[in-house]
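Source file: coords_6.cif; contents: mmCIF, C-alpha atoms.
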```
data_final
#
loop_
_atom_site.label_atom_id
_atom_site.label_comp_id
_atom_site.auth_asym_id
_atom_site.auth_seq_id
_atom_site.Cartn_x
_atom_site.Cartn_y
_atom_site.Cartn_z
CA MET A 1053 4.32 22.96 -24.48
CA TYR A 1054 2.02 20.12 -23.45
CA VAL A 1055 -1.74 19.72 -23.49
CA ASN A 1056 -3.83 17.53 -21.19
CA PHE A 1057 -5.41 15.53 -24.00
CA GLY A 1058 -8.89 14.04 -23.84
CA GLY A 1059 -9.52 12.63 -27.30
CA PHE A 1060 -9.78 13.28 -31.01
CA VAL A 1061 -12.55 12.69 -33.56
CA PRO A 1062 -11.17 13.03 -37.09
CA ILE A 1063 -14.49 13.94 -38.66
CA SER A 1064 -17.75 15.08 -37.05
CA THR A 1065 -20.94 16.56 -38.47
CA VAL A 1066 -22.61 17.19 -35.09
CA ASP A 1067 -20.19 19.48 -33.25
CA TRP A 1068 -20.66 22.45 -35.59
CA ARG A 1069 -24.00 22.63 -37.34
CA GLY A 1070 -23.60 22.59 -41.09
CA ARG A 1071 -19.84 21.98 -41.01
CA ALA A 1072 -17.59 18.96 -41.31
CA ALA A 1073 -15.06 19.36 -38.51
CA CYS A 1074 -12.52 17.42 -36.53
CA THR A 1075 -12.99 17.65 -32.77
CA VAL A 1076 -10.28 17.91 -30.13
CA PHE A 1077 -11.28 17.12 -26.55
CA LEU A 1078 -9.18 18.70 -23.81
CA ARG A 1079 -9.18 17.08 -20.40
CA GLY A 1080 -10.10 18.79 -17.13
CA CYS A 1081 -13.04 20.84 -15.87
CA PRO A 1082 -13.49 22.52 -12.48
CA ALA A 1083 -17.30 22.46 -12.72
CA ARG A 1084 -19.21 19.48 -11.36
CA CYS A 1085 -22.51 19.43 -13.22
CA PHE A 1086 -24.55 16.43 -12.12
CA TYR A 1087 -25.55 15.66 -15.70
CA CYS A 1088 -22.12 15.92 -17.38
CA HIS A 1089 -21.97 13.58 -20.38
CA ASN A 1090 -18.16 13.64 -20.49
CA VAL A 1091 -17.51 12.98 -16.81
CA ALA A 1092 -14.47 10.86 -17.69
CA LEU A 1093 -12.79 14.04 -18.94
CA GLN A 1094 -13.37 16.08 -15.77
CA GLY A 1095 -10.05 14.90 -14.34
CA GLY A 1096 -7.11 12.66 -15.08
CA GLU A 1097 -3.97 13.34 -17.04
CA ASP A 1098 -2.77 12.44 -20.51
CA LEU A 1099 -0.08 14.96 -21.39
CA ARG A 1100 0.76 15.23 -25.07
CA PRO A 1101 3.04 17.65 -26.91
CA VAL A 1102 0.98 20.36 -28.58
CA ASP A 1103 2.65 19.49 -31.88
CA GLU A 1104 1.24 15.95 -31.63
CA VAL A 1105 -2.29 17.33 -31.44
CA VAL A 1106 -1.54 19.77 -34.26
CA ALA A 1107 -0.55 16.77 -36.38
CA MET A 1108 -3.90 15.11 -35.60
CA ILE A 1109 -5.72 18.22 -36.76
CA ARG A 1110 -3.62 18.41 -39.91
CA SER A 1111 -4.43 14.78 -40.74
CA SER A 1112 -8.13 15.69 -40.99
CA ARG A 1113 -7.65 18.56 -43.42
CA PRO A 1114 -8.53 16.64 -46.58
CA VAL A 1115 -12.14 16.27 -45.38
CA ALA A 1116 -12.57 18.69 -42.45
CA GLY A 1117 -12.75 22.41 -43.04
CA ALA A 1118 -12.90 23.23 -39.35
CA VAL A 1119 -11.75 22.15 -35.91
CA VAL A 1120 -13.85 22.27 -32.74
CA PHE A 1121 -12.27 22.37 -29.29
CA SER A 1122 -14.41 20.74 -26.62
CA GLY A 1123 -13.93 18.98 -23.32
CA GLY A 1124 -13.84 18.85 -20.41
CA GLU A 1125 -13.43 22.60 -20.47
CA PRO A 1126 -10.93 23.61 -23.16
CA THR A 1127 -10.38 27.13 -21.82
CA LEU A 1128 -8.95 25.61 -18.63
CA GLN A 1129 -5.78 25.13 -20.71
CA GLY A 1130 -5.64 28.64 -22.08
CA PRO A 1131 -2.08 28.85 -23.45
CA ALA A 1132 -2.28 25.43 -25.12
CA LEU A 1133 -5.73 26.16 -26.54
CA ILE A 1134 -4.58 29.47 -28.01
CA ARG A 1135 -1.57 27.79 -29.59
CA LEU A 1136 -3.72 25.02 -31.06
CA ALA A 1137 -6.24 27.52 -32.41
CA ALA A 1138 -3.46 29.57 -33.99
CA ALA A 1139 -2.02 26.44 -35.62
CA ALA A 1140 -5.43 25.49 -36.99
CA ARG A 1141 -5.93 29.01 -38.31
CA GLY A 1142 -2.54 28.73 -40.01
CA MET A 1143 -3.83 25.65 -41.84
CA GLY A 1144 -6.78 27.64 -43.14
CA LEU A 1145 -9.28 25.91 -40.86
CA SER A 1146 -12.23 27.58 -39.18
CA VAL A 1147 -12.13 27.29 -35.39
CA GLY A 1148 -15.02 26.45 -33.08
CA LEU A 1149 -15.17 26.35 -29.29
CA HIS A 1150 -17.53 24.59 -26.89
CA THR A 1151 -17.19 26.25 -23.49
CA ASN A 1152 -18.90 26.77 -20.16
CA GLY A 1153 -17.56 30.32 -20.03
CA ILE A 1154 -15.86 30.17 -16.65
CA PHE A 1155 -12.56 31.49 -18.02
CA PRO A 1156 -13.55 34.70 -19.83
CA GLY A 1157 -9.95 35.87 -20.12
CA VAL A 1158 -9.17 33.02 -22.50
CA ILE A 1159 -12.28 33.71 -24.56
CA GLU A 1160 -11.30 37.38 -24.71
CA ALA A 1161 -7.81 36.46 -25.95
CA LEU A 1162 -9.18 34.17 -28.66
CA LEU A 1163 -11.56 36.88 -29.83
CA ARG A 1164 -8.91 39.60 -29.71
CA GLU A 1165 -6.52 37.53 -31.83
CA ARG A 1166 -9.33 36.51 -34.22
CA LEU A 1167 -8.67 32.85 -33.49
CA VAL A 1168 -12.27 31.66 -33.14
CA ASP A 1169 -15.18 31.67 -35.59
CA MET A 1170 -17.87 29.87 -33.59
CA ILE A 1171 -18.58 29.72 -29.87
CA ALA A 1172 -21.19 27.46 -28.28
CA LEU A 1173 -21.56 28.88 -24.77
CA ASP A 1174 -23.24 26.69 -22.18
CA ILE A 1175 -25.55 28.63 -19.87
CA LYS A 1176 -26.70 26.10 -17.34
CA THR A 1177 -29.37 27.81 -15.26
CA THR A 1178 -30.46 31.17 -13.85
CA TRP A 1179 -27.71 33.31 -12.34
CA GLU A 1180 -29.17 32.87 -8.86
CA ARG A 1181 -28.79 29.07 -9.00
CA TYR A 1182 -25.56 28.94 -10.95
CA ASP A 1183 -22.91 28.43 -8.32
CA ASP A 1184 -24.91 25.79 -6.45
CA LEU A 1185 -25.58 23.80 -9.61
CA ILE A 1186 -21.97 23.52 -10.77
CA GLU A 1187 -20.42 23.54 -7.27
CA LEU A 1188 -18.22 26.48 -8.22
CA THR A 1189 -18.31 30.28 -7.91
CA ALA A 1190 -18.69 31.10 -11.58
CA ALA A 1191 -21.82 33.13 -12.36
CA ASP A 1192 -19.98 36.43 -12.77
CA ALA A 1193 -17.35 34.83 -15.01
CA VAL A 1194 -20.02 33.32 -17.26
CA LYS A 1195 -21.80 36.69 -17.43
CA ARG A 1196 -18.53 38.23 -18.63
CA SER A 1197 -18.08 35.54 -21.27
CA LEU A 1198 -21.64 36.09 -22.46
CA ALA A 1199 -21.00 39.83 -22.75
CA LEU A 1200 -17.81 39.20 -24.73
CA CYS A 1201 -19.69 36.93 -27.13
CA LYS A 1202 -22.45 39.48 -27.63
CA GLU A 1203 -19.94 42.24 -28.30
CA ALA A 1204 -17.99 40.12 -30.78
CA LYS A 1205 -21.13 38.97 -32.58
CA ALA A 1206 -22.36 42.56 -32.82
CA ASP A 1207 -19.11 43.92 -34.26
CA GLY A 1208 -18.71 41.01 -36.68
CA SER A 1209 -15.54 39.55 -35.20
CA LEU A 1210 -17.40 36.36 -34.21
CA GLY A 1211 -19.31 34.68 -37.00
CA THR A 1212 -21.48 32.28 -35.01
CA CYS A 1213 -22.48 32.17 -31.37
CA GLU A 1214 -25.11 29.97 -29.83
CA ILE A 1215 -26.23 29.68 -26.24
CA VAL A 1216 -26.84 26.10 -25.18
CA THR A 1217 -28.94 25.26 -22.13
CA THR A 1218 -29.75 21.76 -20.92
CA LEU A 1219 -33.37 21.55 -19.85
CA PHE A 1220 -34.63 19.19 -17.16
CA ARG A 1221 -38.15 18.36 -16.08
CA GLY A 1222 -39.24 20.74 -13.34
CA ARG A 1223 -36.88 23.54 -14.46
CA GLU A 1224 -38.84 24.71 -17.49
CA GLY A 1225 -39.64 27.89 -15.58
CA ASP A 1226 -35.98 28.93 -15.78
CA LEU A 1227 -36.15 29.24 -19.54
CA PRO A 1228 -37.52 32.82 -19.88
CA THR A 1229 -34.72 34.17 -17.67
CA ILE A 1230 -32.06 32.31 -19.64
CA ALA A 1231 -33.55 33.39 -22.97
CA GLU A 1232 -33.56 37.01 -21.85
CA ALA A 1233 -29.88 36.78 -20.88
CA ALA A 1234 -29.11 35.25 -24.29
CA ARG A 1235 -31.14 37.78 -26.28
CA GLY A 1236 -29.56 38.51 -29.65
CA LEU A 1237 -27.82 35.14 -29.90
CA ASP A 1238 -29.03 31.78 -31.18
CA LEU A 1239 -30.59 29.64 -28.46
CA VAL A 1240 -30.30 25.85 -28.36
CA LEU A 1241 -32.42 23.84 -25.91
CA GLN A 1242 -30.86 20.50 -25.13
CA GLN A 1243 -32.77 17.58 -23.63
CA GLY A 1244 -31.39 16.80 -20.18
CA VAL A 1245 -30.62 13.10 -19.85
CA THR A 1246 -29.20 11.62 -16.66
CA ALA A 1247 -30.02 8.94 -14.11
CA GLY A 1248 -33.01 9.68 -11.90
CA TYR A 1249 -34.72 12.08 -14.32
CA VAL A 1250 -37.40 11.41 -16.92
CA PRO A 1251 -36.23 13.37 -19.97
CA LEU A 1252 -38.50 15.98 -21.48
CA SER A 1253 -39.81 14.99 -24.90
CA ARG A 1254 -39.29 17.23 -27.90
CA GLN A 1255 -42.95 18.24 -27.69
CA GLU A 1256 -42.57 19.18 -24.02
CA ILE A 1257 -39.50 21.28 -24.81
CA GLU A 1258 -41.44 22.98 -27.60
CA ALA A 1259 -44.22 23.78 -25.12
CA ALA A 1260 -41.67 25.33 -22.75
CA ALA A 1261 -40.15 27.34 -25.61
CA ALA A 1262 -43.42 28.59 -27.11
CA PRO A 1263 -43.90 31.53 -24.68
CA LEU A 1264 -40.44 32.86 -25.58
CA GLY A 1265 -41.77 34.02 -28.94
CA GLN A 1266 -38.49 33.30 -30.74
CA LYS A 1267 -36.98 30.66 -32.97
CA VAL A 1268 -34.86 28.08 -31.14
CA ARG A 1269 -33.05 24.85 -31.89
CA ILE A 1270 -34.07 21.74 -29.94
CA ARG A 1271 -31.81 18.73 -29.40
CA THR A 1272 -33.13 15.38 -28.24
CA ARG A 1273 -31.83 11.84 -28.43
CA GLU A 1274 -34.94 10.75 -30.27
CA ASP A 1275 -35.03 13.38 -33.02
CA GLY A 1276 -31.55 14.88 -33.13
CA GLU A 1277 -31.50 18.64 -33.64
CA VAL A 1278 -34.48 20.44 -35.16
CA GLY A 1279 -35.57 24.03 -35.50
CA TYR A 1280 -38.68 25.30 -33.74
CA ASP A 1281 -40.60 28.45 -34.65
CA PRO A 1282 -43.42 29.23 -32.19
CA GLU A 1283 -45.13 31.47 -34.74
CA GLN A 1284 -45.56 28.49 -37.03
CA ASN A 1285 -45.83 26.05 -34.11
CA THR A 1286 -43.88 23.51 -36.14
CA SER A 1287 -40.53 21.78 -36.11
CA PRO A 1288 -39.04 21.15 -39.57
#
```
Can I see the file as structure tokens?
Amino acid sequence: MYVNFGGFVPISTVDWRGRAACTVFLRGCPARCFYCHNVALQGGEDLRPVDEVVAMIRSSRPVAGAVVFSGGEPTLQGPALIRLAAAARGMGLSVGLHTNGIFPGVIEALLRERLVDMIALDIKTTWERYDDLIELTAADAVKRSLALCKEAKADGSLGTCEIVTTLFRGREGDLPTIAEAARGLDLVLQQGVTAGYVPLSRQEIEAAAAPLGQKVRIRTREDGEVGYDPEQNTSP
């Protein structure tokens, strides 16, 4: 079996909060988000034997206690991803997944086989705007992935799940709808950075988050990731 390989980071402290992990990037993504920060991995081909990638993961074991699969969209390569996750599990590693949720069947399989411990699910906008934003009919699929994550978190089969949304100036009004959809899961608000847009500052993102009445995580280039509690009106 081969995997369309995108890259490997032997040790990362930013892809899974609080964990030292290696990160495997899988190439290919059918979505076309205008702000994609890994646009070079949307297409192209670099086929590698799965066992070669397994060896990369194994090489990080002395320092990494986990592996994170990212992309591109890793669930695009469902069979290879499942095999890689199973191999990592066999090494005693925890398994994390960064996904846009457009292939819920793969997420369901990973959860059913207990091959994933953390999912960071990207919810990009309100359901009404979804398909236009990513240039793909995907809203219903992402809803299904969100439901699967909620079910798994509730029954204890998924240890960590966070919903990540990238916030751009002028779209702050979408946030209450997204937060309601993500209710019960951790919410991460990520500063949108792309050409032609003035990024929201951390303080502006805090102001948008305050009416939600819930704790969130905020990621910006300037300050990294910080927690925000509107009841205390402070960021640690």
request  = Could you tell me which residues the PyMOL selection byres ((chain A and resi 1105) around 9) returns for this structure, as number ranges by chain?
outcome  = A: 1055, 1057, 1060, 1076, 1100-1104, 1106-1110, 1136
Spatial neighbours of Glu1125 in chain A, max dist 9 Å, only C-alpha atoms, sep filter under 5 positions, as a compact mmCIF listing (two decimals) with C-alpha atoms, keeping the file's coordinate frame:
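Result file follows (around_5.txt):
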```txt
# COMPACT_ATOMS: atom_id res chain seq x y z
CA PHE A 1077 -11.28 17.12 -26.55
CA LEU A 1078 -9.18 18.70 -23.81
CA ARG A 1079 -9.18 17.08 -20.40
CA GLY A 1080 -10.10 18.79 -17.13
CA CYS A 1081 -13.04 20.84 -15.87
CA PRO A 1082 -13.49 22.52 -12.48
CA ALA A 1083 -17.30 22.46 -12.72
CA LEU A 1093 -12.79 14.04 -18.94
CA GLN A 1094 -13.37 16.08 -15.77
CA HIS A 1150 -17.53 24.59 -26.89
CA THR A 1151 -17.19 26.25 -23.49
CA ASN A 1152 -18.90 26.77 -20.16
CA GLY A 1153 -17.56 30.32 -20.03
CA ILE A 1154 -15.86 30.17 -16.65
```
query = Using all atoms listed in the file, which of the listed residues (A:Asp1098, A:Glu1224, A:Glu1187, A:Glu1232) sits closest to Pro1251 in chain A?
reply =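 Distance minimum relative to Pro1251 in chain A lands on A:Glu1224.
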task = Using CA of Leu1210 in chain A and CA of Val1147 in chain A as the two end points, give the distance in Å to one decimal.
result =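 These two atoms are separated by 10.6 Å.
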Expected selection from the PyMOL selection byres ((chain A and resi 1269) around 8), given as a list in words = Leu1239, Val1240, Leu1241, Lys1267, Val1268, Ile1270, Arg1271, Glu1277, Val1278, Gly1279 and Tyr1280 of chain A
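Residues captured in this structure file are Met1053, Val1102, Asp1103, Val1106, Gly1130, Pro1131, Ala1132, Leu1133, Ile1134, Leu1136, Ala1137, Ala1138, Ala1139, Ala1140, Arg1141, Leu1162 and Leu1167 of chain A, according to the PyMOL selection byres ((chain A and resi 1135) around 10).
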Would you save the residues of that selection, restricted to C-alpha atoms, as a PDB file, in the frame of the given file?
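Contents of the output file selection24.pdb:
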```
ATOM      1  CA  MET A1053       4.320  22.960 -24.480  1.00  0.00           C
ATOM      2  CA  VAL A1102       0.980  20.360 -28.580  1.00  0.00           C
ATOM      3  CA  ASP A1103       2.650  19.490 -31.880  1.00  0.00           C
ATOM      4  CA  VAL A1106      -1.540  19.770 -34.260  1.00  0.00           C
ATOM      5  CA  GLY A1130      -5.640  28.640 -22.080  1.00  0.00           C
ATOM      6  CA  PRO A1131      -2.080  28.850 -23.450  1.00  0.00           C
ATOM      7  CA  ALA A1132      -2.280  25.430 -25.120  1.00  0.00           C
ATOM      8  CA  LEU A1133      -5.730  26.160 -26.540  1.00  0.00           C
ATOM      9  CA  ILE A1134      -4.580  29.470 -28.010  1.00  0.00           C
ATOM     10  CA  LEU A1136      -3.720  25.020 -31.060  1.00  0.00           C
ATOM     11  CA  ALA A1137      -6.240  27.520 -32.410  1.00  0.00           C
ATOM     12  CA  ALA A1138      -3.460  29.570 -33.990  1.00  0.00           C
ATOM     13  CA  ALA A1139      -2.020  26.440 -35.620  1.00  0.00           C
ATOM     14  CA  ALA A1140      -5.430  25.490 -36.990  1.00  0.00           C
ATOM     15  CA  ARG A1141      -5.930  29.010 -38.310  1.00  0.00           C
ATOM     16  CA  LEU A1162      -9.180  34.170 -28.660  1.00  0.00           C
ATOM     17  CA  LEU A1167      -8.670  32.850 -33.490  1.00  0.00           C
TER      18      LEU A1167
END
```
task = May I ask which of the residues A:Gly1222, A:Pro1156, A:Gly1211, A:Pro1062 is the closest one to Cys1074 in chain A, counting all atoms listed in the file?
result = A:Pro1062
Neighbour list for Gly1070 in chain A as a list in words, cut-off 12 Å, only C-alpha atoms, skip fewer than 5 positions in-chain =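 Here the answer would be Ser1064, Thr1065, Ala1116, Gly1117, Ala1118, Met1170, Thr1212 and Glu1277 of chain A.
Minimum distance to Leu1200 in chain A across A:Tyr1249, A:Phe1155, A:Trp1179, A:Phe1220 (counting all atoms listed in the file) occurs at A:Phe1155.
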request  = Would you work out the distance separating CA of Gly1058 in chain A from CA of Val1216 in chain A, expressed in Å to one decimal?
outcome  =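 Between CA of Gly1058 in chain A and CA of Val1216 in chain A the gap is 21.7 Å.
Among the candidate residues A:Leu1264, A:Val1066, A:Ala1204, A:Val1158, the one lying nearest to Thr1229 in chain A is A:Leu1264, with distances computed using only C-alpha atoms.
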query = Near Ala1247 in chain A, within 12 Å and counting all atoms listed in the file, which residues show up once chain neighbours fewer than 3 positions away are dropped, as a ChimeraX atom specification?
reply = /A:1086-1089,1220,1244,1250-1251
Please supply range 1253-1276 of chain A, rebuilt with N, CA and C atoms, as a PDB file, in the frame of the given file.
```
ATOM      1  N   SER A1253     -39.694  15.319 -23.484  1.00  0.00           N
ATOM      2  CA  SER A1253     -39.810  14.990 -24.900  1.00  0.00           C
ATOM      3  C   SER A1253     -39.604  16.252 -25.734  1.00  0.00           C
ATOM      4  N   ARG A1254     -39.421  16.064 -27.027  1.00  0.00           N
ATOM      5  CA  ARG A1254     -39.290  17.230 -27.900  1.00  0.00           C
ATOM      6  C   ARG A1254     -40.541  18.108 -27.808  1.00  0.00           C
ATOM      7  N   GLN A1255     -41.707  17.475 -27.759  1.00  0.00           N
ATOM      8  CA  GLN A1255     -42.950  18.240 -27.690  1.00  0.00           C
ATOM      9  C   GLN A1255     -43.037  19.036 -26.386  1.00  0.00           C
ATOM     10  N   GLU A1256     -42.552  18.465 -25.300  1.00  0.00           N
ATOM     11  CA  GLU A1256     -42.570  19.180 -24.020  1.00  0.00           C
ATOM     12  C   GLU A1256     -41.580  20.352 -24.037  1.00  0.00           C
ATOM     13  N   ILE A1257     -40.447  20.169 -24.685  1.00  0.00           N
ATOM     14  CA  ILE A1257     -39.500  21.280 -24.810  1.00  0.00           C
ATOM     15  C   ILE A1257     -40.084  22.374 -25.689  1.00  0.00           C
ATOM     16  N   GLU A1258     -40.767  21.991 -26.759  1.00  0.00           N
ATOM     17  CA  GLU A1258     -41.440  22.980 -27.600  1.00  0.00           C
ATOM     18  C   GLU A1258     -42.460  23.777 -26.789  1.00  0.00           C
ATOM     19  N   ALA A1259     -43.220  23.093 -25.943  1.00  0.00           N
ATOM     20  CA  ALA A1259     -44.220  23.780 -25.120  1.00  0.00           C
ATOM     21  C   ALA A1259     -43.563  24.770 -24.174  1.00  0.00           C
ATOM     22  N   ALA A1260     -42.392  24.410 -23.633  1.00  0.00           N
ATOM     23  CA  ALA A1260     -41.670  25.330 -22.750  1.00  0.00           C
ATOM     24  C   ALA A1260     -41.115  26.510 -23.521  1.00  0.00           C
ATOM     25  N   ALA A1261     -40.752  26.280 -24.797  1.00  0.00           N
ATOM     26  CA  ALA A1261     -40.150  27.340 -25.610  1.00  0.00           C
ATOM     27  C   ALA A1261     -41.180  28.271 -26.224  1.00  0.00           C
ATOM     28  N   ALA A1262     -42.408  27.800 -26.402  1.00  0.00           N
ATOM     29  CA  ALA A1262     -43.420  28.590 -27.110  1.00  0.00           C
ATOM     30  C   ALA A1262     -43.608  29.993 -26.549  1.00  0.00           C
ATOM     31  N   PRO A1263     -43.690  30.176 -25.206  1.00  0.00           N
ATOM     32  CA  PRO A1263     -43.900  31.530 -24.680  1.00  0.00           C
ATOM     33  C   PRO A1263     -42.739  32.494 -24.930  1.00  0.00           C
ATOM     34  N   LEU A1264     -41.584  31.977 -25.330  1.00  0.00           N
ATOM     35  CA  LEU A1264     -40.440  32.860 -25.580  1.00  0.00           C
ATOM     36  C   LEU A1264     -40.665  33.728 -26.810  1.00  0.00           C
ATOM     37  N   GLY A1265     -41.488  33.238 -27.746  1.00  0.00           N
ATOM     38  CA  GLY A1265     -41.770  34.020 -28.940  1.00  0.00           C
ATOM     39  C   GLY A1265     -40.577  34.183 -29.864  1.00  0.00           C
ATOM     40  N   GLN A1266     -39.667  33.207 -29.882  1.00  0.00           N
ATOM     41  CA  GLN A1266     -38.490  33.300 -30.740  1.00  0.00           C
ATOM     42  C   GLN A1266     -38.149  31.922 -31.288  1.00  0.00           C
ATOM     43  N   LYS A1267     -37.447  31.923 -32.409  1.00  0.00           N
ATOM     44  CA  LYS A1267     -36.980  30.660 -32.970  1.00  0.00           C
ATOM     45  C   LYS A1267     -35.877  30.084 -32.093  1.00  0.00           C
ATOM     46  N   VAL A1268     -35.898  28.771 -31.909  1.00  0.00           N
ATOM     47  CA  VAL A1268     -34.860  28.080 -31.140  1.00  0.00           C
ATOM     48  C   VAL A1268     -34.501  26.790 -31.878  1.00  0.00           C
ATOM     49  N   ARG A1269     -33.407  26.191 -31.468  1.00  0.00           N
ATOM     50  CA  ARG A1269     -33.050  24.850 -31.890  1.00  0.00           C
ATOM     51  C   ARG A1269     -33.297  23.914 -30.712  1.00  0.00           C
ATOM     52  N   ILE A1270     -33.786  22.718 -30.986  1.00  0.00           N
ATOM     53  CA  ILE A1270     -34.070  21.740 -29.940  1.00  0.00           C
ATOM     54  C   ILE A1270     -33.304  20.458 -30.252  1.00  0.00           C
ATOM     55  N   ARG A1271     -32.568  19.963 -29.243  1.00  0.00           N
ATOM     56  CA  ARG A1271     -31.810  18.730 -29.400  1.00  0.00           C
ATOM     57  C   ARG A1271     -32.354  17.660 -28.469  1.00  0.00           C
ATOM     58  N   THR A1272     -32.716  16.527 -29.041  1.00  0.00           N
ATOM     59  CA  THR A1272     -33.130  15.380 -28.240  1.00  0.00           C
ATOM     60  C   THR A1272     -32.475  14.118 -28.799  1.00  0.00           C
ATOM     61  N   ARG A1273     -32.396  13.104 -27.961  1.00  0.00           N
ATOM     62  CA  ARG A1273     -31.830  11.840 -28.430  1.00  0.00           C
ATOM     63  C   ARG A1273     -32.714  11.200 -29.491  1.00  0.00           C
ATOM     64  N   GLU A1274     -34.011  11.413 -29.367  1.00  0.00           N
ATOM     65  CA  GLU A1274     -34.940  10.750 -30.270  1.00  0.00           C
ATOM     66  C   GLU A1274     -34.926  11.362 -31.667  1.00  0.00           C
ATOM     67  N   ASP A1275     -34.839  12.683 -31.743  1.00  0.00           N
ATOM     68  CA  ASP A1275     -35.030  13.380 -33.020  1.00  0.00           C
ATOM     69  C   ASP A1275     -33.807  14.159 -33.484  1.00  0.00           C
ATOM     70  N   GLY A1276     -32.707  14.086 -32.745  1.00  0.00           N
ATOM     71  CA  GLY A1276     -31.550  14.880 -33.130  1.00  0.00           C
ATOM     72  C   GLY A1276     -31.820  16.360 -32.901  1.00  0.00           C
TER      73      GLY A1276
END
```
